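Enquirer: Enclosed is the structure file structure33.json (JSON, C-alpha atoms).
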```
[["chain", "number", "residue", "atom", "x", "y", "z"],
["N", 172, "MET", "CA", 11.00, -15.46, -7.64],
["N", 173, "ASP", "CA", 10.42, -19.07, -6.94],
["N", 174, "GLU", "CA", 7.95, -20.70, -9.27],
["N", 175, "LYS", "CA", 5.08, -20.59, -6.77],
["N", 176, "ARG", "CA", 5.61, -16.90, -5.96],
["N", 177, "GLY", "CA", 6.08, -16.04, -9.61],
["N", 178, "THR", "CA", 2.93, -17.96, -10.48],
["N", 179, "ASP", "CA", 1.07, -16.22, -7.64],
["N", 180, "LEU", "CA", 2.08, -12.77, -8.91],
["N", 181, "HIS", "CA", 1.19, -13.80, -12.47],
["N", 182, "ARG", "CA", -2.22, -15.04, -11.25],
["N", 183, "LEU", "CA", -2.76, -11.85, -9.26],
["N", 184, "ALA", "CA", -1.93, -9.72, -12.31],
["N", 185, "LYS", "CA", -4.54, -11.58, -14.37],
["N", 186, "LEU", "CA", -7.16, -11.13, -11.66],
["N", 187, "ILE", "CA", -6.33, -7.44, -11.15],
["N", 188, "LYS", "CA", -6.76, -6.87, -14.88],
["N", 189, "GLN", "CA", -10.30, -8.19, -14.37],
["N", 190, "SER", "CA", -10.85, -5.70, -11.49],
["N", 191, "ASP", "CA", -10.58, -8.32, -8.74],
["N", 192, "GLU", "CA", -10.26, -6.29, -5.52],
["N", 193, "PRO", "CA", -9.13, -9.17, -3.24],
["N", 194, "ALA", "CA", -6.29, -9.91, -5.71],
["N", 195, "PHE", "CA", -5.33, -6.23, -5.64],
["N", 196, "LYS", "CA", -5.23, -6.30, -1.83],
["N", 197, "ALA", "CA", -3.14, -9.49, -1.90],
["N", 198, "LEU", "CA", -0.64, -7.84, -4.26],
["N", 199, "PHE", "CA", -0.55, -4.75, -2.04],
["N", 200, "ASP", "CA", 0.12, -6.92, 1.03],
["N", 201, "GLU", "CA", 2.88, -8.79, -0.84],
["N", 202, "MET", "CA", 4.68, -5.77, -2.29],
["N", 203, "GLN", "CA", 4.02, -2.78, -0.03],
["N", 204, "GLN", "CA", 7.02, -3.09, 2.29],
["N", 205, "SER", "CA", 9.66, -3.60, -0.39],
["N", 206, "LEU", "CA", 8.24, -0.77, -2.52],
["N", 207, "PHE", "CA", 8.09, 1.50, 0.53],
["N", 208, "ASN", "CA", 11.74, 0.74, 1.33],
["N", 209, "PHE", "CA", 12.72, 1.52, -2.26],
["N", 210, "ILE", "CA", 10.84, 4.82, -2.32],
["N", 211, "LEU", "CA", 12.18, 5.77, 1.12],
["N", 212, "PHE", "CA", 15.73, 5.13, -0.06],
["N", 213, "LEU", "CA", 15.17, 7.57, -2.92],
["N", 214, "THR", "CA", 13.20, 10.29, -1.13],
["N", 215, "LYS", "CA", 14.64, 10.04, 2.40],
["N", 216, "ASP", "CA", 11.19, 11.07, 3.71],
["N", 217, "THR", "CA", 8.79, 8.65, 5.42],
["N", 218, "THR", "CA", 5.64, 10.72, 4.87],
["N", 219, "VAL", "CA", 6.41, 11.32, 1.21],
["N", 220, "SER", "CA", 7.24, 7.63, 0.77],
["N", 221, "GLU", "CA", 3.91, 6.58, 2.27],
["N", 222, "ASP", "CA", 2.07, 8.97, -0.06],
["N", 223, "LEU", "CA", 4.01, 7.79, -3.11],
["N", 224, "LEU", "CA", 3.40, 4.15, -2.18],
["N", 225, "GLN", "CA", -0.34, 4.80, -2.20],
["N", 226, "GLU", "CA", 0.03, 6.56, -5.54],
["N", 227, "VAL", "CA", 1.88, 3.56, -7.01],
["N", 228, "PHE", "CA", -1.04, 1.28, -6.24],
["N", 229, "LEU", "CA", -3.59, 3.88, -7.31],
["N", 230, "LYS", "CA", -1.85, 4.12, -10.70],
["N", 231, "LEU", "CA", -1.83, 0.33, -10.96],
["N", 232, "TRP", "CA", -5.55, 0.16, -10.23],
["N", 233, "ASN", "CA", -6.35, 2.99, -12.66],
["N", 234, "LYS", "CA", -4.34, 1.29, -15.42],
["N", 235, "ARG", "CA", -5.38, -2.27, -14.59],
["N", 236, "LYS", "CA", -7.18, -2.76, -17.92],
["N", 237, "GLU", "CA", -3.88, -2.07, -19.75],
["N", 238, "LEU", "CA", -1.92, -4.48, -17.54],
["N", 239, "ASP", "CA", -0.03, -7.21, -19.39],
["N", 240, "PRO", "CA", -0.10, -10.23, -17.03],
["N", 241, "GLU", "CA", 2.63, -11.90, -19.08],
["N", 242, "LYS", "CA", 5.11, -9.22, -17.98],
["N", 243, "SER", "CA", 6.55, -8.94, -14.48],
["N", 244, "ILE", "CA", 4.15, -7.03, -12.27],
["N", 245, "ARG", "CA", 7.00, -6.61, -9.77],
["N", 246, "SER", "CA", 9.07, -4.73, -12.37],
["N", 247, "TYR", "CA", 6.01, -2.73, -13.39],
["N", 248, "LEU", "CA", 5.42, -1.60, -9.80],
["N", 249, "TYR", "CA", 9.09, -0.70, -9.28],
["N", 250, "THR", "CA", 9.04, 1.31, -12.52],
["N", 251, "ILE", "CA", 5.99, 3.26, -11.35],
["N", 252, "ALA", "CA", 7.60, 3.81, -7.93],
["N", 253, "ASN", "CA", 10.87, 4.91, -9.50],
["N", 254, "ASN", "CA", 9.14, 7.40, -11.81],
["N", 255, "LEU", "CA", 7.01, 8.85, -9.02],
["N", 256, "ALA", "CA", 10.03, 9.22, -6.73],
["N", 257, "LEU", "CA", 12.07, 10.90, -9.49],
["N", 258, "ASN", "CA", 9.21, 13.29, -10.21],
["N", 259, "HIS", "CA", 8.91, 14.11, -6.51],
["N", 260, "ILE", "CA", 12.66, 14.71, -6.20],
["N", 261, "ARG", "CA", 12.63, 16.95, -9.28],
["N", 262, "ASP", "CA", 9.63, 18.94, -8.04],
["N", 263, "HIS", "CA", 11.07, 19.18, -4.53],
["N", 264, "THR", "CA", 14.40, 20.42, -5.90],
["N", 265, "LEU", "CA", 12.61, 23.11, -7.92],
["N", 266, "LYS", "CA", 10.57, 24.15, -4.88],
["N", 267, "ILE", "CA", 13.72, 24.44, -2.76],
["N", 268, "SER", "CA", 15.41, 26.50, -5.46],
["N", 269, "LYS", "CA", 12.46, 28.93, -5.63],
["N", 270, "HIS", "CA", 12.25, 29.38, -1.85],
["N", 271, "GLN", "CA", 15.88, 29.16, -0.80],
["N", 272, "SER", "CA", 16.28, 32.92, -0.30],
["N", 273, "ILE", "CA", 13.10, 33.10, 1.81],
["N", 274, "ASP", "CA", 13.57, 30.15, 4.15],
["N", 275, "THR", "CA", 16.78, 31.12, 5.96],
["N", 276, "GLU", "CA", 16.25, 28.63, 8.78],
["N", 277, "SER", "CA", 16.40, 25.61, 6.47],
["N", 278, "ILE", "CA", 19.39, 27.12, 4.68],
["N", 279, "GLU", "CA", 21.22, 27.33, 7.99],
["N", 280, "ARG", "CA", 20.39, 23.67, 8.74],
["N", 281, "SER", "CA", 21.33, 22.36, 5.32],
["N", 282, "SER", "CA", 22.87, 24.28, 2.49],
["N", 283, "PRO", "CA", 21.02, 24.40, -0.84],
["N", 284, "GLN", "CA", 24.10, 22.89, -2.47],
["N", 285, "ALA", "CA", 23.98, 19.89, -0.10],
["N", 286, "ILE", "CA", 20.25, 19.44, -0.68],
["N", 287, "PHE", "CA", 20.74, 19.70, -4.43],
["N", 288, "GLU", "CA", 23.61, 17.21, -4.43],
["N", 289, "ASN", "CA", 21.61, 14.74, -2.32],
["N", 290, "THR", "CA", 18.55, 14.90, -4.57],
["N", 291, "GLU", "CA", 20.67, 14.72, -7.70],
["N", 292, "LEU", "CA", 22.43, 11.63, -6.34],
["N", 293, "SER", "CA", 19.09, 10.02, -5.45],
["N", 294, "LYS", "CA", 17.84, 10.67, -8.99],
["N", 295, "ALA", "CA", 21.04, 9.27, -10.49],
["N", 296, "ILE", "CA", 20.80, 6.13, -8.33],
["N", 297, "ALA", "CA", 17.16, 5.57, -9.27],
["N", 298, "GLN", "CA", 17.92, 6.02, -12.96],
["N", 299, "ALA", "CA", 20.93, 3.72, -12.74],
["N", 300, "ILE", "CA", 18.86, 1.01, -11.02],
["N", 301, "SER", "CA", 16.07, 1.31, -13.57],
["N", 302, "SER", "CA", 18.58, 0.87, -16.40],
["N", 303, "LEU", "CA", 19.73, -2.55, -15.13],
["N", 304, "SER", "CA", 18.51, -5.62, -16.98],
["N", 305, "GLU", "CA", 15.31, -7.01, -15.44],
["N", 306, "LYS", "CA", 17.06, -10.06, -13.94],
["N", 307, "ASN", "CA", 19.84, -7.96, -12.41],
["N", 308, "ARG", "CA", 17.38, -5.27, -11.22],
["N", 309, "VAL", "CA", 15.07, -7.81, -9.55],
["N", 310, "THR", "CA", 18.04, -9.54, -7.91],
["N", 311, "PHE", "CA", 19.48, -6.20, -6.74],
["N", 312, "MET", "CA", 16.11, -5.02, -5.40],
["N", 313, "MET", "CA", 15.46, -8.28, -3.55],
["N", 314, "SER", "CA", 18.89, -8.07, -1.95],
["N", 315, "ARG", "CA", 19.13, -4.38, -1.14],
["N", 316, "TYR", "CA", 15.51, -3.32, -0.61],
["N", 317, "GLU", "CA", 13.75, -6.48, 0.46],
["N", 318, "GLY", "CA", 16.64, -7.76, 2.59],
["N", 319, "TYR", "CA", 16.84, -11.28, 1.18],
["N", 320, "SER", "CA", 20.10, -13.23, 1.40],
["N", 321, "TYR", "CA", 21.62, -14.58, -1.81],
["N", 322, "LYS", "CA", 20.46, -18.06, -0.80],
["N", 323, "GLU", "CA", 16.88, -16.84, -0.27],
["N", 324, "ILE", "CA", 16.90, -15.01, -3.60],
["N", 325, "ALA", "CA", 18.22, -18.10, -5.36],
["N", 326, "GLU", "CA", 15.44, -20.21, -3.86],
["N", 327, "ARG", "CA", 12.75, -17.67, -4.76],
["N", 328, "LEU", "CA", 14.00, -17.26, -8.34],
["N", 329, "ASP", "CA", 14.74, -20.97, -8.72],
["N", 330, "VAL", "CA", 18.37, -20.44, -9.76],
["N", 331, "SER", "CA", 21.72, -21.23, -8.16],
["N", 332, "VAL", "CA", 23.38, -19.06, -5.53],
["N", 333, "LYS", "CA", 26.26, -18.67, -8.00],
["N", 334, "THR", "CA", 23.82, -17.16, -10.54],
["N", 335, "ILE", "CA", 22.67, -14.66, -7.91],
["N", 336, "GLU", "CA", 26.27, -13.80, -7.06],
["N", 337, "THR", "CA", 26.99, -13.23, -10.75],
["N", 338, "ARG", "CA", 23.88, -11.05, -11.20],
["N", 339, "MET", "CA", 24.75, -8.96, -8.14],
["N", 340, "THR", "CA", 28.33, -8.56, -9.30],
["N", 341, "GLN", "CA", 27.08, -7.39, -12.72],
["N", 342, "ALA", "CA", 24.50, -5.05, -11.17],
["N", 343, "LEU", "CA", 27.00, -3.48, -8.77],
["N", 344, "LYS", "CA", 29.58, -3.10, -11.55],
["N", 345, "GLU", "CA", 27.02, -1.37, -13.81],
["N", 346, "LEU", "CA", 25.90, 0.89, -10.95],
["N", 347, "ARG", "CA", 29.52, 1.83, -10.11],
["N", 348, "ILE", "CA", 30.16, 2.75, -13.74],
["N", 349, "GLN", "CA", 26.97, 4.79, -14.04],
["N", 350, "LEU", "CA", 27.55, 6.56, -10.73],
["N", 351, "ALA", "CA", 31.29, 7.13, -11.16],
["N", 352, "ASN", "CA", 30.81, 10.90, -11.44],
["N", 353, "TYR", "CA", 29.21, 11.10, -8.00],
["N", 354, "LYS", "CA", 31.81, 11.18, -5.27],
["N", 355, "THR", "CA", 31.20, 11.11, -1.58],
["N", 356, "LYS", "CA", 31.98, 14.16, 0.51],
["N", 357, "GLY", "CA", 35.68, 14.38, 1.13],
["N", 358, "ASP", "CA", 36.74, 12.66, -2.11]]
```
Could I get this structure in the form of structure tokens?

Expert:
Amino acid sequence: MDEKRGTDLHRLAKLIKQSDEPAFKALFDEMQQSLFNFILFLTKDTTVSEDLLQEVFLKLWNKRKELDPEKSIRSYLYTIANNLALNHIRDHTLKISKHQSIDTESIERSSPQAIFENTELSKAIAQAISSLSEKNRVTFMMSRYEGYSYKEIAERLDVSVKTIETRMTQALKELRIQLANYKTKGD
């Protein structure tokens, strides 16, 4: 983030720790769309993503006293979102497995194997993203989930465009390695 935005998020984290509701709303307004896009990418379900987004901020508010304002609140929110999405995917996969013999209509529309492979891939992607270094993860998330150009990311993080290119190259290389076992249909 650029210094001003980083300072703003740092300031908001301090205020939220002190139970400042306007600061909490400001953080929500700042982060809701990018977190929603991230959760939607993982769950592929708008309604579930909206519910999980609310849960992310509820967890933040409930744990506000434990918040460390010196650490990136952006990374903290993405970690919560990632964990909630993974839990949902796991629970949803189990529910599908238990009911697959009963719900023949959904089986006809999409095979259990396809559903399982899709949820497993989503889990693997989320885990791979969360394992990136913080700098690479933030850069990747800003590019892929928030839609910023490399130039915009560089300005916001107060680094060169070349640094952003290097971080994205590293992030994509790490993701390719971690996801090498997942092949697209037809491979």

Enquirer: Might you pull out every residue within 7 Å of segment 202-210 of chain N, with all atoms listed in the file counted and same-chain residues fewer than 4 positions away left off, and present them as an NGL selection string?

Expert: :N and (198 or 214 or 220-221 or 224 or 249 or 252 or 256 or 316-317)

Enquirer: Please list as a list in words every residue within 10 Å of Ser304 of chain N, counting all atoms listed in the file and excluding residues in the same chain fewer than 4 positions away.

Expert: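 Surrounding residues, per the criterion: Ile300, Arg308, Val309, Thr310, Arg338, Gln341 and Ala342 of chain N.
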
Enquirer: Would you save the residues of that selection, restricted to C-alpha atoms, as a compact mmCIF listing (two decimals), in the coordinates of the input?

Expert:
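Here's the written file out_28.txt:
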```txt
# COMPACT_ATOMS: atom_id res chain seq x y z
CA ILE N 300 18.86 1.01 -11.02
CA ARG N 308 17.38 -5.27 -11.22
CA VAL N 309 15.07 -7.81 -9.55
CA THR N 310 18.04 -9.54 -7.91
CA ARG N 338 23.88 -11.05 -11.20
CA GLN N 341 27.08 -7.39 -12.72
CA ALA N 342 24.50 -5.05 -11.17
```

Enquirer: Looking at N:Leu231, N:Ala197, N:Leu211, N:Leu223, which one is nearest to Ala297 of chain N, with distances taken over all atoms listed in the file?

Expert: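 So, comparing all the options, the nearest one is N:Leu211.
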
Enquirer: Considering all atoms listed in the file, can you say which of N:Arg245, N:Asp239, N:Trp232, N:Glu291 comes closest to Asp262 of chain N?

Expert: N:Glu291

Enquirer: What's the separation between atom CA of Glu226 of chain N and atom CA of Leu257 of chain N, in Å to one decimal place?

Expert: 13.4 Å

Enquirer: Which one of N:Leu238, N:Ala295, N:Val227, N:Ile335 sits closest to Ile251 of chain N if you count all atoms listed in the file?

Expert: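 Smallest separation from Ile251 of chain N among the options: N:Val227.
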
Enquirer: Rounded to one decimal place, report the atom CA of Gln189 of chain N-atom CA of Leu255 of chain N distance in Å.

Expert: 24.9 Å

Enquirer: Between atom CA of Ser314 of chain N and atom CA of Glu201 of chain N, measure the distance and give it in Å to one decimal.

Expert: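 Taking atom CA of Ser314 of chain N and atom CA of Glu201 of chain N, their separation equals 16.1 Å.
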
Enquirer: Of the residues N:Glu336, N:Glu345, N:Asp216, N:Glu237, which is the one nearest to Ser190 of chain N, using all atoms listed in the file?

Expert: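 The closest residue to Ser190 of chain N is N:Glu237.
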
Enquirer: At a cut-off of 12 Å, using all atoms listed in the file, what residues contact Ala325 of chain N? Leave out same-chain residues fewer than 2 positions from it and give the result as a list of chain:residue names.

Expert: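 Returned residues: N:Met172, N:Asp173, N:Glu174, N:Lys306, N:Val309, N:Thr310, N:Met313, N:Ser314, N:Tyr319, N:Ser320, N:Tyr321, N:Lys322, N:Glu323, N:Arg327, N:Leu328, N:Asp329, N:Val330, N:Ser331, N:Val332, N:Lys333, N:Thr334, N:Ile335, N:Glu336, N:Thr337, N:Arg338, N:Met339.
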
Enquirer: Could you dump the residues just selected with C-alpha atoms as a PDB file, in the frame of the given file?

Expert:
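Final file, selection.pdb:
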```pdb
ATOM      1  CA  MET N 172      11.000 -15.460  -7.640  1.00  0.00           C
ATOM      2  CA  ASP N 173      10.420 -19.070  -6.940  1.00  0.00           C
ATOM      3  CA  GLU N 174       7.950 -20.700  -9.270  1.00  0.00           C
ATOM      4  CA  LYS N 306      17.060 -10.060 -13.940  1.00  0.00           C
ATOM      5  CA  VAL N 309      15.070  -7.810  -9.550  1.00  0.00           C
ATOM      6  CA  THR N 310      18.040  -9.540  -7.910  1.00  0.00           C
ATOM      7  CA  MET N 313      15.460  -8.280  -3.550  1.00  0.00           C
ATOM      8  CA  SER N 314      18.890  -8.070  -1.950  1.00  0.00           C
ATOM      9  CA  TYR N 319      16.840 -11.280   1.180  1.00  0.00           C
ATOM     10  CA  SER N 320      20.100 -13.230   1.400  1.00  0.00           C
ATOM     11  CA  TYR N 321      21.620 -14.580  -1.810  1.00  0.00           C
ATOM     12  CA  LYS N 322      20.460 -18.060  -0.800  1.00  0.00           C
ATOM     13  CA  GLU N 323      16.880 -16.840  -0.270  1.00  0.00           C
ATOM     14  CA  ARG N 327      12.750 -17.670  -4.760  1.00  0.00           C
ATOM     15  CA  LEU N 328      14.000 -17.260  -8.340  1.00  0.00           C
ATOM     16  CA  ASP N 329      14.740 -20.970  -8.720  1.00  0.00           C
ATOM     17  CA  VAL N 330      18.370 -20.440  -9.760  1.00  0.00           C
ATOM     18  CA  SER N 331      21.720 -21.230  -8.160  1.00  0.00           C
ATOM     19  CA  VAL N 332      23.380 -19.060  -5.530  1.00  0.00           C
ATOM     20  CA  LYS N 333      26.260 -18.670  -8.000  1.00  0.00           C
ATOM     21  CA  THR N 334      23.820 -17.160 -10.540  1.00  0.00           C
ATOM     22  CA  ILE N 335      22.670 -14.660  -7.910  1.00  0.00           C
ATOM     23  CA  GLU N 336      26.270 -13.800  -7.060  1.00  0.00           C
ATOM     24  CA  THR N 337      26.990 -13.230 -10.750  1.00  0.00           C
ATOM     25  CA  ARG N 338      23.880 -11.050 -11.200  1.00  0.00           C
ATOM     26  CA  MET N 339      24.750  -8.960  -8.140  1.00  0.00           C
TER      27      MET N 339
END
```

Enquirer: Measuring between all atoms listed in the file, which one of N:Phe199, N:Ala299, N:Asn352, N:Lys188 shows the shortest distance to Lys234 of chain N?

Expert: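 Among N:Phe199, N:Ala299, N:Asn352, N:Lys188, it is N:Lys188 that comes nearest to Lys234 of chain N.
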